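K.L.:
This is the content of input.txt (compact mmCIF, C-alpha atoms):
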# COMPACT_ATOMS: atom_id res chain seq x y z
CA MET A 1 3.19 -11.29 -62.21
CA VAL A 2 5.97 -9.61 -60.23
CA ALA A 3 4.83 -6.44 -58.48
CA MET A 4 6.84 -3.36 -59.39
CA ALA A 5 8.09 -1.09 -56.64
CA GLU A 6 6.24 2.22 -56.40
CA PRO A 7 7.62 5.62 -55.41
CA GLY A 8 7.88 5.85 -51.62
CA ALA A 9 7.83 2.07 -51.10
CA PRO A 10 10.80 0.32 -49.42
CA ASP A 11 13.28 -1.08 -51.94
CA GLY A 12 12.10 -4.45 -53.18
CA ALA A 13 8.89 -4.30 -51.16
CA ARG A 14 6.10 -6.49 -52.44
CA LEU A 15 2.95 -4.46 -53.13
CA ASP A 16 0.61 -7.07 -54.55
CA PHE A 17 -0.40 -9.69 -51.97
CA ARG A 18 -3.02 -11.60 -53.93
CA GLY A 19 -2.39 -15.24 -53.17
CA ALA A 20 0.38 -14.44 -50.66
CA MET A 21 0.55 -14.05 -46.89
CA SER A 22 0.60 -10.43 -45.75
CA TYR A 23 1.39 -8.86 -42.37
CA GLY A 24 -2.31 -8.71 -41.52
CA ASP A 25 -2.82 -12.35 -42.54
CA TYR A 26 0.07 -13.59 -40.41
CA LEU A 27 -1.14 -11.74 -37.31
CA ASP A 28 -4.83 -12.43 -37.99
CA LEU A 29 -5.45 -8.71 -37.56
CA ASP A 30 -8.98 -8.79 -38.95
CA ARG A 31 -10.10 -10.85 -35.96
CA LEU A 32 -7.78 -9.21 -33.46
CA LEU A 33 -8.88 -5.66 -34.25
CA ALA A 34 -12.53 -6.69 -34.41
CA ALA A 35 -12.43 -8.11 -30.86
CA GLN A 36 -13.14 -4.81 -29.08
CA HIS A 37 -16.85 -4.37 -28.34
CA PRO A 38 -17.63 -1.37 -26.11
CA ARG A 39 -21.03 -1.73 -24.46
CA SER A 40 -21.56 1.98 -23.84
CA ASP A 41 -21.16 5.23 -25.73
CA ALA A 42 -18.39 6.37 -23.35
CA HIS A 43 -15.25 7.43 -25.20
CA ASP A 44 -12.95 5.85 -22.58
CA GLU A 45 -14.37 2.33 -22.60
CA LEU A 46 -12.20 1.38 -25.58
CA LEU A 47 -9.07 2.16 -23.56
CA PHE A 48 -10.27 -0.11 -20.77
CA ILE A 49 -10.89 -2.97 -23.19
CA VAL A 50 -7.61 -2.58 -25.08
CA GLN A 51 -5.64 -2.38 -21.82
CA HIS A 52 -7.05 -5.65 -20.55
CA GLN A 53 -6.87 -7.46 -23.87
CA THR A 54 -3.20 -6.57 -24.32
CA THR A 55 -2.54 -7.68 -20.74
CA GLU A 56 -4.09 -11.06 -21.55
CA LEU A 57 -1.86 -11.36 -24.63
CA TRP A 58 1.22 -10.69 -22.50
CA LEU A 59 -0.02 -13.19 -19.89
CA LYS A 60 -0.25 -15.78 -22.65
CA GLN A 61 3.44 -15.19 -23.38
CA VAL A 62 4.28 -15.23 -19.65
CA LEU A 63 2.63 -18.64 -19.29
CA HIS A 64 4.49 -19.93 -22.34
CA GLU A 65 7.82 -18.83 -20.85
CA LEU A 66 7.10 -20.04 -17.31
CA GLN A 67 5.99 -23.46 -18.49
CA GLY A 68 9.12 -23.73 -20.60
CA ALA A 69 11.31 -22.63 -17.69
CA ARG A 70 9.69 -25.15 -15.36
CA ARG A 71 10.31 -27.97 -17.85
CA ALA A 72 13.93 -26.88 -18.29
CA VAL A 73 14.59 -26.76 -14.54
CA ALA A 74 12.96 -30.17 -14.08
CA ALA A 75 15.29 -31.54 -16.77
CA ASP A 76 18.37 -29.91 -15.15
CA GLU A 77 18.79 -27.71 -18.22
CA LEU A 78 19.10 -24.43 -16.36
CA ALA A 79 20.66 -22.26 -19.06
CA PRO A 80 17.51 -22.11 -21.25
CA ALA A 81 15.46 -21.36 -18.12
CA PHE A 82 17.57 -18.27 -17.42
CA LYS A 83 16.57 -16.70 -20.75
CA MET A 84 12.90 -17.53 -20.27
CA LEU A 85 12.77 -16.13 -16.74
CA ALA A 86 14.59 -12.96 -17.80
CA ARG A 87 12.05 -12.51 -20.57
CA VAL A 88 9.17 -12.84 -18.10
CA SER A 89 10.72 -10.14 -15.91
CA ARG A 90 10.91 -7.84 -18.96
CA ILE A 91 7.28 -8.57 -19.79
CA MET A 92 6.27 -7.74 -16.22
CA ALA A 93 8.08 -4.41 -16.59
CA GLN A 94 5.95 -3.75 -19.69
CA LEU A 95 2.81 -4.58 -17.72
CA VAL A 96 3.85 -2.26 -14.89
CA GLN A 97 4.25 0.61 -17.35
CA ALA A 98 0.87 -0.17 -18.90
CA TRP A 99 -0.85 0.91 -15.67
CA ASP A 100 0.34 4.45 -16.45
CA VAL A 101 -2.01 4.49 -19.43
CA LEU A 102 -5.02 3.16 -17.53
CA ALA A 103 -4.32 5.64 -14.73
CA THR A 104 -5.29 8.43 -17.14
CA LEU A 105 -8.91 7.39 -16.47
CA THR A 106 -10.53 9.71 -13.95
CA PRO A 107 -13.23 8.42 -11.58
CA SER A 108 -15.86 10.27 -13.62
CA GLU A 109 -14.67 8.77 -16.90
CA TYR A 110 -14.65 5.24 -15.46
CA SER A 111 -18.07 5.68 -13.89
CA ALA A 112 -19.48 6.53 -17.31
CA PHE A 113 -19.05 2.94 -18.52
CA ARG A 114 -18.59 0.90 -15.34
CA PRO A 115 -22.22 -0.37 -15.32
CA SER A 116 -21.50 -1.96 -18.72
CA LEU A 117 -18.96 -4.33 -17.09
CA GLY A 118 -21.68 -6.28 -15.30
CA ASP A 119 -20.11 -8.95 -13.06
CA SER A 120 -16.87 -9.13 -15.04
CA SER A 121 -13.65 -8.60 -13.10
CA GLY A 122 -9.93 -9.12 -13.60
CA PHE A 123 -10.25 -11.47 -10.62
CA GLN A 124 -11.79 -13.90 -13.13
CA SER A 125 -8.76 -13.94 -15.45
CA TYR A 126 -8.04 -17.58 -16.26
CA GLN A 127 -4.52 -16.86 -17.42
CA TYR A 128 -3.65 -14.80 -14.36
CA ARG A 129 -4.76 -17.70 -12.15
CA ALA A 130 -2.61 -20.06 -14.22
CA VAL A 131 0.39 -17.77 -13.70
CA GLU A 132 -0.23 -17.69 -9.95
CA LEU A 133 -0.49 -21.48 -9.79
CA ILE A 134 2.71 -22.11 -11.72
CA LEU A 135 4.47 -19.59 -9.46
CA GLY A 136 3.25 -21.45 -6.38
CA ASN A 137 0.18 -19.57 -5.12
CA LYS A 138 -1.83 -22.76 -4.57
CA GLN A 139 -5.31 -21.70 -3.44
CA PRO A 140 -8.05 -24.09 -4.70
CA ALA A 141 -10.75 -21.48 -4.03
CA LEU A 142 -9.32 -19.32 -6.81
CA LEU A 143 -10.44 -21.92 -9.37
CA ALA A 144 -14.12 -21.49 -8.46
CA PRO A 145 -14.92 -18.72 -11.00
CA HIS A 146 -14.02 -21.18 -13.77
CA ALA A 147 -16.00 -24.19 -12.51
CA HIS A 148 -18.65 -23.60 -15.19
CA ARG A 149 -16.01 -23.94 -17.94
CA PRO A 150 -14.42 -27.42 -17.88
CA ASP A 151 -12.08 -26.37 -20.71
CA LEU A 152 -10.59 -23.77 -18.35
CA HIS A 153 -11.10 -25.43 -14.98
CA GLU A 154 -9.40 -28.73 -15.80
CA PRO A 155 -6.07 -27.20 -16.94
CA LEU A 156 -6.06 -25.06 -13.80
CA LEU A 157 -6.73 -28.14 -11.70
CA ARG A 158 -3.75 -29.86 -13.32
CA LEU A 159 -1.55 -26.88 -12.51
CA LEU A 160 -2.80 -26.99 -8.91
CA HIS A 161 -1.63 -30.59 -8.54
CA GLU A 162 1.69 -30.16 -10.36
CA PRO A 163 4.95 -28.89 -8.85
CA SER A 164 5.33 -25.13 -9.16
CA LEU A 165 8.36 -23.50 -10.73
CA TYR A 166 9.81 -22.98 -7.24
CA ASP A 167 9.11 -26.60 -6.28
CA GLU A 168 11.13 -27.67 -9.32
CA ALA A 169 13.94 -25.29 -8.34
CA LEU A 170 14.11 -26.88 -4.88
CA ARG A 171 14.11 -30.35 -6.41
CA ALA A 172 16.98 -29.30 -8.68
CA LEU A 173 18.95 -28.32 -5.57
CA ALA A 174 18.27 -31.71 -4.02
CA ARG A 175 19.47 -33.50 -7.16
CA ARG A 176 22.74 -31.57 -6.86
CA GLY A 177 23.24 -32.95 -3.37
CA VAL A 178 22.25 -29.82 -1.48
CA PRO A 179 20.52 -31.06 1.70
CA LEU A 180 16.75 -30.61 1.75
CA PRO A 181 14.04 -32.21 3.90
CA ALA A 182 12.32 -35.13 2.17
CA ASP A 183 8.88 -33.54 2.52
CA VAL A 184 10.08 -30.56 0.49
CA VAL A 185 11.22 -32.69 -2.43
CA GLU A 186 8.10 -34.89 -2.51
CA ARG A 187 4.80 -33.66 -1.14
CA ASP A 188 1.20 -32.88 -2.03
CA TRP A 189 1.84 -30.17 -4.64
CA ALA A 190 -1.70 -28.81 -4.28
CA GLU A 191 -0.94 -27.66 -0.74
CA PRO A 192 0.39 -24.11 -0.31
CA ARG A 193 4.08 -23.92 0.63
CA ALA A 194 4.82 -22.11 3.85
CA ALA A 195 8.20 -20.52 4.45
CA SER A 196 10.36 -23.09 6.19
CA PRO A 197 13.48 -22.39 8.27
CA ARG A 198 14.49 -25.97 7.41
CA VAL A 199 14.99 -25.00 3.77
CA GLU A 200 18.58 -23.79 4.15
CA ALA A 201 19.73 -24.99 0.75
CA TRP A 202 19.87 -21.51 -0.71
CA LEU A 203 22.22 -20.43 2.08
CA GLU A 204 24.76 -22.99 0.88
CA VAL A 205 24.41 -21.70 -2.68
CA TYR A 206 24.81 -18.03 -1.70
CA ARG A 207 27.79 -18.70 0.55
CA ALA A 208 29.69 -20.43 -2.26
CA PRO A 209 28.33 -19.04 -5.54
CA GLY A 210 31.42 -20.11 -7.46
CA GLN A 211 30.68 -23.74 -6.66
CA HIS A 212 26.99 -23.48 -7.56
CA TRP A 213 27.01 -20.76 -10.19
CA ASP A 214 24.03 -21.95 -12.24
CA LEU A 215 21.92 -22.48 -9.11
CA TYR A 216 23.02 -19.04 -7.92
CA GLU A 217 21.91 -17.53 -11.22
CA LEU A 218 18.60 -19.41 -11.04
CA ALA A 219 18.00 -18.00 -7.56
CA GLU A 220 18.67 -14.43 -8.68
CA ASP A 221 16.45 -14.82 -11.76
CA LEU A 222 13.64 -15.99 -9.48
CA VAL A 223 14.18 -13.00 -7.20
CA ASP A 224 14.09 -10.68 -10.23
CA LEU A 225 10.82 -12.30 -11.31
CA GLU A 226 9.16 -11.95 -7.92
CA ASP A 227 10.40 -8.38 -7.61
CA ALA A 228 8.80 -7.52 -10.97
CA PHE A 229 5.61 -9.37 -10.01
CA ARG A 230 5.35 -7.42 -6.76
CA GLN A 231 5.79 -4.12 -8.62
CA TRP A 232 2.98 -5.11 -10.97
CA ARG A 233 0.71 -5.91 -8.01
CA PHE A 234 1.55 -2.61 -6.32
CA ARG A 235 0.92 -0.60 -9.48
CA HIS A 236 -2.39 -2.40 -9.91
CA LEU A 237 -3.35 -1.39 -6.38
CA THR A 238 -2.45 2.27 -6.83
CA THR A 239 -4.24 2.51 -10.17
CA VAL A 240 -7.43 1.01 -8.76
CA ALA A 241 -7.23 3.32 -5.73
CA ARG A 242 -6.82 6.29 -8.04
CA VAL A 243 -9.79 5.36 -10.24
CA ILE A 244 -12.38 3.93 -7.82
CA GLY A 245 -11.05 4.75 -4.34
CA GLY A 246 -12.40 2.42 -1.66
CA LYS A 247 -15.44 1.17 -3.61
CA ARG A 248 -16.02 -2.54 -4.07
CA GLY A 249 -14.69 -3.91 -7.31
CA THR A 250 -16.81 -5.33 -10.10
CA GLY A 251 -17.75 -8.98 -9.70
CA GLY A 252 -18.16 -8.54 -5.93
CA THR A 253 -14.44 -8.24 -5.10
CA HIS A 254 -13.25 -6.02 -2.25
CA GLY A 255 -11.31 -3.81 -4.63
CA VAL A 256 -8.38 -2.02 -3.02
CA GLY A 257 -8.70 -4.08 0.17
CA TYR A 258 -8.24 -7.34 -1.70
CA LEU A 259 -5.33 -5.99 -3.74
CA ARG A 260 -3.60 -4.64 -0.63
CA GLY A 261 -3.80 -8.08 0.96
CA GLN A 262 -2.17 -9.62 -2.11
CA LEU A 263 0.92 -7.46 -1.59
CA ASP A 264 1.81 -9.65 1.40
CA LEU A 265 2.02 -12.79 -0.73
CA VAL A 266 5.60 -14.10 -0.98
CA LEU A 267 6.16 -16.67 -3.72
CA PHE A 268 9.76 -17.71 -3.07
CA PRO A 269 10.13 -17.04 0.68
CA GLU A 270 13.53 -18.63 1.36
CA LEU A 271 15.14 -16.61 -1.42
CA TRP A 272 14.25 -13.48 0.57
CA SER A 273 15.00 -14.79 4.09
CA VAL A 274 18.45 -16.03 2.97
CA ARG A 275 19.48 -12.38 2.67
CA THR A 276 19.02 -11.94 6.41
CA ALA A 277 20.89 -15.14 7.20
CA LEU A 278 23.98 -14.34 5.12
Take the structure from the file and write it as structure tokens.

P.N.:
Amino acid sequence: MVAMAEPGAPDGARLDFRGAMSYGDYLDLDRLLAAQHPRSDAHDELLFIVQHQTTELWLKQVLHELQGARRAVAADELAPAFKMLARVSRIMAQLVQAWDVLATLTPSEYSAFRPSLGDSSGFQSYQYRAVELILGNKQPALLAPHAHRPDLHEPLLRLLHEPSLYDEALRALARRGVPLPADVVERDWAEPRAASPRVEAWLEVYRAPGQHWDLYELAEDLVDLEDAFRQWRFRHLTTVARVIGGKRGTGGTHGVGYLRGQLDLVLFPELWSVRTAL
């Protein structure tokens, strides 16, 4: 039977979905909207849950894009990587703005449900750790909170031992004949990368962008990404400071102190130092 349009319905809109896929079916909304389980009677706990669940959904998309971009760069297919990296920067802008909503929590409102969080902490976010690893923040100790979950720990361990997105960008430069030290192109990928004055490849790219236009664009997309990532970190810090002040975070973290230290992390160091050298 063909459903007839009803007054007020969009022209041609289907109104009978028996045996057909609907919007809610496609998005699995029954499960998605049933995944919020406040553990207190505090009105504001739902906001806290929704904020973090939506962040995790965006992080899932960020990982999808970063993994795709890394594969594209490794295959010398830079054009698709540009779109993926630009999309990640836009997502990070969304996440920065999301802190504005959480910042509406006052210390009193947060304190009303904070005991319900137990030992849970954003520090334990598996996806956030995966993002950090693929961006080059190689710190094995950060995998420890997931040691009890092999299904989470093993993929993180693989990311630890794989080249980061920036490692692949440097290898792409080397394949183009831009001079790079051998221990930059092949090394123990699980070791953190320190800024190296020997990595002058980007200087060659920036001094002659017309000759290396796609590498130049890759460099700027990476700078955009790190810029957006830093803004997200800073907004996280200021929101936490506004809500809990100098208290320790849940899960035993140092709260604002830990987040302030993270602001000093530089993911793509030579892309920033090249600006001084030009």

K.L.:
Which neighbours of A:Tyr128 fall inside 12 Å, counting all atoms listed in the file, when residues of the same chain fewer than 5 positions from it are skipped, and could you give them as an MDAnalysis selection string?

P.N.:
chainID A and resid 52 55:63 121:123 133:135 137 142:143 156 229 233

K.L.:
Once you count only C-alpha atoms, which residues end up no further than 10 Å from (2.8, -19.9, 5.7) in the file's frame, shown as a ChimeraX atom specification?

P.N.:
/A:192-196,265-266,269

K.L.:
Mind checking which residues fall within 9 Å of A:Leu170, counting all atoms listed in the file, ignoring those fewer than 6 positions away in the same chain, and posting them as JSON, numbers by chain?

P.N.:
{"A": [180, 184, 185, 199, 201, 202]}

K.L.:
Record the distance separating atom CA of A:Leu27 and atom CA of A:Gln53, expressed in Å with one decimal.

P.N.:
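Here the two named atoms are 15.2 Å from each other.
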
K.L.:
Could you give me, as a list in words, the residues within 12 Å of stretch 144-152 of chain A, counting all atoms listed in the file and dropping anything in the same chain fewer than 3 positions from it?

P.N.:
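What passes the distance filter is Asp119, Ser120, Ser121, Gly122, Phe123, Gln124, Ser125, Tyr126, Gln127, Arg129, Ala130, Gln139, Pro140, Ala141, Pro155, Leu156, Leu157, Arg158, Leu159, Gly251 and Gly252 of chain A.
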
K.L.:
Any idea what's packed within 12 Å of A:Arg176, counting only C-alpha atoms, ignoring anything in its chain fewer than 5 positions away? Could you give it as a list in words?

P.N.:
Asp76, Ala169, Leu170, Arg171, Ala201, Glu204, Val205, Gln211, His212, Asp214 and Leu215 of chain A

K.L.:
Counting all atoms listed in the file, what is within 7 Å of stretch 82-94 of chain A, bar same-chain residues fewer than 6 positions away, as a ChimeraX atom specification?

P.N.:
/A:58,62,65-66,69,218,221,224-225,228-229,232
